[in-house]
$ cat query_5.cif   # mmCIF, C-alpha atoms
data_structure
#
loop_
_atom_site.label_atom_id
_atom_site.label_comp_id
_atom_site.auth_asym_id
_atom_site.auth_seq_id
_atom_site.Cartn_x
_atom_site.Cartn_y
_atom_site.Cartn_z
CA MET Q 298 -4.66 23.16 -1.48
CA SER Q 299 -2.08 25.05 0.57
CA ALA Q 300 -4.01 24.32 3.77
CA ILE Q 301 -4.37 20.57 3.17
CA VAL Q 302 -1.30 19.64 1.12
CA TYR Q 303 0.89 21.56 3.52
CA THR Q 304 4.22 21.36 1.68
CA GLY Q 305 5.61 23.67 -0.98
CA ALA Q 306 7.63 21.17 -2.99
CA SER Q 307 4.72 18.85 -3.79
CA GLN Q 308 2.45 21.76 -4.64
CA PHE Q 309 4.86 23.18 -7.22
CA VAL Q 310 5.25 19.79 -8.86
CA ALA Q 311 1.49 19.20 -8.76
CA ILE Q 312 0.71 22.56 -10.41
CA ASP Q 313 2.93 21.54 -13.31
CA MET Q 314 0.89 18.36 -13.72
CA TRP Q 315 -2.55 19.96 -13.21
CA ARG Q 316 -4.55 19.35 -16.40
CA GLU Q 317 -7.80 17.82 -17.62
CA PRO Q 318 -8.47 15.00 -17.14
CA LEU Q 319 -6.78 15.28 -13.79
CA PRO Q 320 -4.06 12.60 -13.42
CA ILE Q 321 -5.04 11.81 -9.83
CA ILE Q 322 -2.99 8.65 -9.38
CA LEU Q 323 0.10 10.27 -10.89
CA LEU Q 324 -0.39 13.30 -8.63
CA VAL Q 325 -0.71 11.13 -5.53
CA VAL Q 326 2.29 8.94 -6.36
CA THR Q 327 4.42 11.98 -7.21
CA THR Q 328 3.45 13.65 -3.93
CA LEU Q 329 4.52 10.52 -2.09
CA GLY Q 330 7.88 10.58 -3.88
CA VAL Q 331 8.46 14.27 -3.30
CA SER Q 332 7.60 13.88 0.39
CA MET Q 333 9.85 10.91 1.16
CA ARG Q 334 12.32 13.25 2.86
CA HIS Q 335 9.72 13.69 5.61
CA VAL Q 336 10.28 10.09 6.68
CA LEU Q 337 13.90 10.95 7.46
CA MET Q 338 12.88 14.22 9.09
CA SER Q 339 10.20 12.80 11.37
CA ALA Q 340 12.44 9.85 12.31
CA SER Q 341 15.16 12.26 13.42
CA ILE Q 342 12.79 14.56 15.32
CA ALA Q 343 10.97 11.63 16.98
CA ARG Q 344 13.52 11.20 19.78
CA HIS Q 345 13.24 14.90 20.65
CA LEU Q 346 9.46 14.70 21.03
CA SER Q 347 9.58 12.55 24.17
CA PRO Q 348 9.08 15.53 26.53
CA ILE Q 349 5.79 16.19 24.72
CA LYS Q 350 2.71 14.09 25.55
CA LYS Q 351 2.18 11.22 23.08
CA ALA Q 352 -1.41 12.25 22.37
CA TRP Q 353 -0.13 15.45 20.77
CA HIS Q 354 2.29 13.73 18.38
CA PRO Q 355 -0.15 12.83 15.56
CA PHE Q 356 -1.45 16.40 15.63
CA ILE Q 357 1.78 18.35 15.76
CA ILE Q 358 3.53 16.17 13.18
CA TYR Q 359 1.10 17.54 10.57
CA PHE Q 360 2.92 20.87 10.89
CA LEU Q 361 6.39 19.42 10.33
CA THR Q 362 7.51 21.55 7.40
CA ASP Q 363 11.15 21.72 6.34
CA GLU Q 364 11.45 25.05 8.13
CA ALA Q 365 9.73 24.02 11.37
CA TRP Q 366 11.73 20.80 11.44
CA ALA Q 367 15.04 22.59 10.89
CA ILE Q 368 14.40 25.10 13.67
CA ALA Q 369 13.10 22.44 16.07
CA GLU Q 370 16.14 20.21 15.45
CA ARG Q 371 18.41 23.18 16.06
CA ARG Q 372 16.60 23.98 19.30
CA ALA Q 373 16.85 20.36 20.47
CA LEU Q 374 20.66 20.67 20.36
CA VAL Q 375 20.44 23.30 23.09
CA ARG Q 376 17.46 22.33 25.24
CA PRO Q 377 14.54 19.87 25.24
CA LEU Q 378 11.63 20.63 22.97
CA THR Q 379 8.38 21.64 24.60
CA LEU Q 380 4.87 21.57 23.20
CA GLY Q 381 4.71 25.34 23.39
CA TYR Q 382 7.96 25.78 21.47
CA PHE Q 383 6.99 23.40 18.72
CA LEU Q 384 3.50 24.82 18.30
CA GLY Q 385 4.90 28.36 18.40
CA VAL Q 386 7.38 27.62 15.64
CA ALA Q 387 5.25 25.42 13.45
CA VAL Q 388 1.60 26.48 13.63
CA PRO Q 389 1.82 30.21 12.70
CA LEU Q 390 3.48 29.11 9.46
CA TRP Q 391 0.33 27.29 8.43
CA PRO Q 392 -2.13 30.21 8.03
CA THR Q 393 0.78 32.34 6.77
CA TRP Q 394 1.36 29.77 4.07
CA PHE Q 395 -2.19 29.41 2.79
CA LEU Q 396 -3.13 33.08 3.21
CA SER Q 397 -0.06 34.23 1.29
CA SER Q 398 -0.77 31.53 -1.32
CA ALA Q 399 -4.22 33.04 -1.77
CA LEU Q 400 -2.81 36.56 -1.89
CA GLY Q 401 -0.28 35.48 -4.50
CA ALA Q 402 -3.05 33.89 -6.55
CA PHE Q 403 -4.99 37.18 -6.62
CA LEU Q 404 -2.04 39.48 -7.22
CA GLY Q 405 -0.28 37.05 -9.51
CA LYS Q 406 1.98 38.59 -12.08
CA ALA Q 407 1.53 42.08 -10.65
CA LEU Q 408 4.18 41.12 -8.10
CA GLY Q 409 6.85 40.71 -10.74
CA ASP Q 410 9.86 38.46 -10.44
CA PRO Q 411 10.81 37.72 -6.79
CA ALA Q 412 14.42 37.20 -7.93
CA VAL Q 413 14.78 40.98 -8.35
CA ILE Q 414 14.74 41.49 -4.58
CA GLY Q 415 16.55 38.23 -3.88
CA LEU Q 416 13.59 36.56 -2.18
CA ASP Q 417 14.33 33.37 -4.06
CA PHE Q 418 17.56 33.11 -2.06
CA ALA Q 419 16.04 33.74 1.38
CA PHE Q 420 15.16 30.07 1.88
CA ALA Q 421 18.68 28.89 1.03
CA ALA Q 422 20.16 31.58 3.30
CA MET Q 423 17.99 30.46 6.21
CA PHE Q 424 18.98 26.82 5.73
CA ILE Q 425 22.68 27.79 5.61
CA ALA Q 426 22.26 29.70 8.88
CA ILE Q 427 20.64 26.68 10.56
CA LEU Q 428 23.11 24.26 8.98
CA VAL Q 429 26.06 26.09 10.55
CA GLY Q 430 24.52 25.41 13.98
CA PHE Q 431 24.90 21.67 13.42
CA TRP Q 432 28.67 21.91 12.96
CA LYS Q 433 30.45 19.53 15.33
CA GLY Q 434 33.84 19.31 13.64
CA PRO Q 435 35.32 17.56 10.60
CA ARG Q 436 32.85 14.69 10.72
CA THR Q 437 30.01 17.11 10.08
CA GLY Q 438 32.08 18.47 7.19
CA ALA Q 439 32.28 14.98 5.69
CA VAL Q 440 28.51 14.57 5.98
CA ILE Q 441 27.86 17.97 4.38
CA ALA Q 442 30.35 17.42 1.56
CA ALA Q 443 28.98 13.96 0.76
CA SER Q 444 25.40 15.18 0.83
CA ALA Q 445 26.17 18.19 -1.37
CA ILE Q 446 28.00 16.13 -4.00
CA ALA Q 447 25.31 13.45 -4.06
CA ALA Q 448 22.52 16.05 -4.23
CA VAL Q 449 24.15 17.84 -7.18
CA LEU Q 450 24.69 14.54 -9.01
CA GLY Q 451 21.12 13.57 -8.16
CA LYS Q 452 19.77 16.86 -9.45
CA LEU Q 453 21.59 16.29 -12.74
CA ASN Q 454 20.52 12.66 -13.17
CA LEU Q 455 17.30 11.97 -11.29
CA PRO Q 456 13.77 13.19 -12.01
CA GLY Q 457 12.02 15.64 -9.69
CA PRO Q 458 13.20 16.12 -6.12
CA TRP Q 459 14.76 12.66 -5.59
CA PHE Q 460 18.10 14.46 -5.24
CA ILE Q 461 17.08 15.34 -1.68
CA MET Q 462 16.71 11.69 -0.69
CA LEU Q 463 19.95 10.77 -2.47
CA GLY Q 464 21.90 13.55 -0.76
CA GLY Q 465 20.25 12.99 2.60
CA ILE Q 466 20.91 9.25 2.66
CA THR Q 467 24.46 9.61 1.31
CA GLY Q 468 25.26 12.02 4.15
CA VAL Q 469 23.88 9.58 6.73
CA VAL Q 470 25.86 6.68 5.21
CA VAL Q 471 29.04 8.75 5.40
CA ALA Q 472 28.21 9.62 9.03
CA VAL Q 473 28.05 5.90 9.83
CA LEU Q 474 31.35 5.26 8.05
CA VAL Q 475 33.26 7.97 9.93
CA HIS Q 476 31.52 6.96 13.16
CA GLU Q 477 32.81 3.37 12.96
CA GLU Q 478 36.24 4.58 11.98
CA ARG Q 479 36.38 6.56 15.20
CA GLU Q 480 35.41 3.59 17.36
CA ALA Q 481 37.75 1.08 15.69
CA MET U 90 -22.86 23.80 -14.20
CA THR U 91 -22.68 20.08 -13.45
CA GLY U 92 -19.53 19.87 -15.58
CA ILE U 93 -17.65 22.40 -13.50
CA PHE U 94 -18.94 20.78 -10.34
CA ALA U 95 -17.68 17.37 -11.43
CA ILE U 96 -14.24 18.79 -12.20
CA HIS U 97 -13.96 20.42 -8.82
CA TRP U 98 -15.01 17.23 -7.07
CA GLN U 99 -11.98 15.58 -8.69
CA TRP U 100 -9.76 18.47 -7.66
CA LEU U 101 -10.87 18.09 -4.07
CA LEU U 102 -10.26 14.35 -4.16
CA ALA U 103 -6.76 14.87 -5.58
CA ILE U 104 -5.94 17.50 -2.98
CA VAL U 105 -7.20 15.38 -0.07
CA LEU U 106 -5.30 12.31 -1.27
CA MET U 107 -2.12 14.34 -1.75
CA GLY U 108 -2.52 15.78 1.75
CA LEU U 109 -2.92 12.24 3.07
CA MET U 110 0.33 11.19 1.36
CA VAL U 111 2.26 14.08 2.91
CA TYR U 112 0.83 13.34 6.34
CA THR U 113 1.69 9.65 5.96
CA THR U 114 5.35 10.45 5.26
CA ARG U 115 5.48 12.85 8.20
CA PHE U 116 3.88 10.36 10.59
CA SER U 117 5.77 7.27 9.40
CA GLY U 118 9.05 8.44 10.93
CA LEU U 119 7.38 8.54 14.35
CA LEU U 120 6.02 5.00 13.87
CA LEU U 121 9.41 3.85 12.64
CA MET U 122 11.18 5.11 15.73
CA ARG U 123 8.56 3.91 18.23
CA GLY U 124 10.24 1.82 20.90
CA VAL U 125 13.69 2.16 19.33
CA GLU U 126 16.45 2.90 21.77
CA VAL U 127 18.66 5.60 20.29
CA LYS U 128 22.35 5.10 21.00
CA GLY U 129 25.68 4.33 19.33
CA ARG U 130 25.43 3.92 15.57
CA MET U 131 21.73 4.74 15.50
CA LYS U 132 22.43 8.02 17.26
CA ALA U 133 25.20 8.87 14.80
CA GLU U 134 22.79 8.20 11.93
CA LEU U 135 20.01 10.34 13.32
CA ASP U 136 22.42 13.11 14.31
CA ALA U 137 23.52 13.25 10.67
CA VAL U 138 19.99 13.59 9.26
CA PRO U 139 19.54 17.35 9.87
CA PRO U 140 22.85 18.57 8.37
CA SER U 141 22.62 16.04 5.57
CA VAL U 142 19.04 16.82 4.51
CA LEU U 143 19.51 20.59 4.92
CA THR U 144 22.55 20.40 2.63
CA ALA U 145 20.79 18.25 0.05
CA VAL U 146 17.81 20.61 -0.17
CA ILE U 147 19.90 23.70 -0.91
CA ALA U 148 22.84 22.16 -2.82
CA PRO U 149 21.36 22.77 -6.31
CA THR U 150 20.55 26.40 -5.46
CA VAL U 151 24.01 27.00 -4.04
CA PHE U 152 26.16 25.13 -6.56
CA MET U 153 24.15 24.92 -9.76
CA THR U 154 22.46 28.29 -10.21
CA GLY U 155 25.42 30.59 -10.79
CA HIS U 156 28.48 32.23 -9.24
CA ALA U 157 26.37 34.87 -7.49
CA GLU U 158 24.47 32.22 -5.50
CA THR U 159 27.64 30.31 -4.58
CA ILE U 160 29.46 33.42 -3.35
CA ALA U 161 26.37 34.66 -1.49
CA ALA U 162 26.09 31.25 0.18
CA VAL U 163 29.71 31.49 1.39
CA LEU U 164 29.09 35.01 2.75
CA THR U 165 25.93 33.80 4.49
CA ALA U 166 27.83 30.91 6.07
CA VAL U 167 30.61 33.23 7.29
CA VAL U 168 28.08 35.55 8.93
CA ALA U 169 26.33 32.54 10.48
CA VAL U 170 29.61 31.20 11.89
CA PHE U 171 29.99 34.47 13.80
CA ARG U 172 26.63 33.73 15.44
CA ALA U 173 24.76 36.62 13.89
CA PRO U 174 21.00 36.53 14.55
CA LEU U 175 19.03 34.43 12.06
CA LEU U 176 17.37 37.43 10.45
CA VAL U 177 20.70 39.24 9.94
CA THR U 178 22.15 36.11 8.38
CA ILE U 179 19.23 35.72 5.98
CA LEU U 180 19.41 39.41 5.04
CA THR U 181 23.12 39.03 4.33
CA GLY U 182 22.34 36.24 1.89
CA VAL U 183 19.49 38.09 0.21
CA VAL U 184 21.30 41.43 -0.08
CA SER U 185 24.55 39.89 -1.30
CA VAL U 186 22.81 37.75 -3.91
CA VAL U 187 21.03 40.83 -5.29
CA ALA U 188 24.27 42.86 -5.28
CA LEU U 189 26.27 40.10 -6.96
CA ARG U 190 23.60 39.58 -9.61
CA GLY U 191 23.54 43.35 -10.13
CA LEU U 192 27.29 43.31 -10.71
CA GLY U 193 26.73 40.62 -13.29
CA VAL U 194 28.67 37.97 -11.38
#
$ encode --input "query_5.cif" --output "structure tokens"
Amino acid sequence: MSAIVYTGASQFVAIDMWREPLPIILLVVTTLGVSMRHVLMSASIARHLSPIKKAWHPFIIYFLTDEAWAIAERRALVRPLTLGYFLGVAVPLWPTWFLSSALGAFLGKALGDPAVIGLDFAFAAMFIAILVGFWKGPRTGAVIAASAIAAVLGKLNLPGPWFIMLGGITGVVVAVLVHEEREA
Amino acid sequence: MTGIFAIHWQWLLAIVLMGLMVYTTRFSGLLLMRGVEVKGRMKAELDAVPPSVLTAVIAPTVFMTGHAETIAAVLTAVVAVFRAPLLVTILTGVVSVVALRGLGV
């Protein structure tokens, strides 16, 4: 499952719903909902993929995890993306992901609670580090603030991970608003 | 024997279909942007996607888990602003969240 459904968020949700008889349609629809953020992500990375041959695009986009996307976007701020860079960032994550999933399945509870060594926070810390790199002044602040508020409200009021879409789109809408203000 | 086999056939189907959904969302952005010239307002929108989505993903962890997570997030951001290497920044977050939880914050 980790090798094919290559995304953590959908897998966690799916495991919660995994019972007999298997609710296949519900699983598929939920996965689609959880993964909607990828539409935003691949749309934003698309313009940075132009230095890479078109034939590669359908292949490399399979490996567009949140992490690989974040690092590739950050890199694109500094210099053009190359095939080697993208593959180097994105592909090693794939076997790491499904091999450690398998390892976790065997070791299971013997590992204890990852919160004890703060591993649960590592992902947030990495995203904060990358986020800071996108700072381009107060307008970025407005985007971040809007997204954070909308995401928190979404988390409180919407089912599942829809808060990501709500926050993501709110931030983009605010970006458009401040953008037009600047030009007027 | 057949029973177990039938169940696993369904599992495989579910997993393949779910994988297909994820791939579809990842590929659709490329299709969407095909032939679109990126400038002006469109550029502002796309430029905002990374900071906006990154924020949305972590906002509940940072603001809704507890004081320890919020403070650790601020410390992580401060270290990141001073251009510390990625690994150092992540370690700052992880170590400070453990310390703050240990202190009962």
$ residues_around --input "query_5.cif" --residues "Phe116 of chain U" --least-positions-apart "4" --cutoff "10 Å" --atoms "all atoms listed in the file" --output "list in words"
His335, Val336, Met338, Ser339, Ala340, Ala343, His354, Pro355, Phe356, Ile357, Ile358, Tyr359 and Leu361 of chain Q; Met110, Val111, Tyr112, Leu120 and Leu121 of chain U
$ residues_around --input "query_5.cif" --residues "Leu192 of chain U" --least-positions-apart "6" --cutoff "12 Å" --atoms "all atoms listed in the file" --output "list in words"
His156, Ala157, Ser185 and Val186 of chain U
$ write_last_selection --input "query_5.cif" --atoms "C-alpha atoms" --output "mmCIF file, in the coordinates of the input"
data_model
loop_
_atom_site.group_PDB
_atom_site.id
_atom_site.type_symbol
_atom_site.label_atom_id
_atom_site.label_comp_id
_atom_site.auth_asym_id
_atom_site.auth_seq_id
_atom_site.Cartn_x
_atom_site.Cartn_y
_atom_site.Cartn_z
ATOM 1 C CA HIS U 156 28.480 32.230 -9.240
ATOM 2 C CA ALA U 157 26.370 34.870 -7.490
ATOM 3 C CA SER U 185 24.550 39.890 -1.300
ATOM 4 C CA VAL U 186 22.810 37.750 -3.910
#
$ interface_residues --input "query_5.cif" --of "chain U" --to "chain Q" --cutoff "8 Å" --atoms "all atoms listed in the file" --output "ChimeraX atom specification"
/U:99-100,103-112,114-119,121-122,127,130,133-153,158,162,165-166,169-170,175,178-180,182-184,186-187
$ atom_distance --input "query_5.cif" --atom1 "atom CA of Val386 of chain Q" --atom2 "atom CA of Arg372 of chain Q"
10.6 Å
$ atom_distance --input "query_5.cif" --atom1 "atom CA of Leu380 of chain Q" --atom2 "atom CA of Ala365 of chain Q"
13.0 Å
$ atom_distance --input "query_5.cif" --atom1 "atom CA of Trp353 of chain Q" --atom2 "atom CA of Val388 of chain Q"
13.3 Å
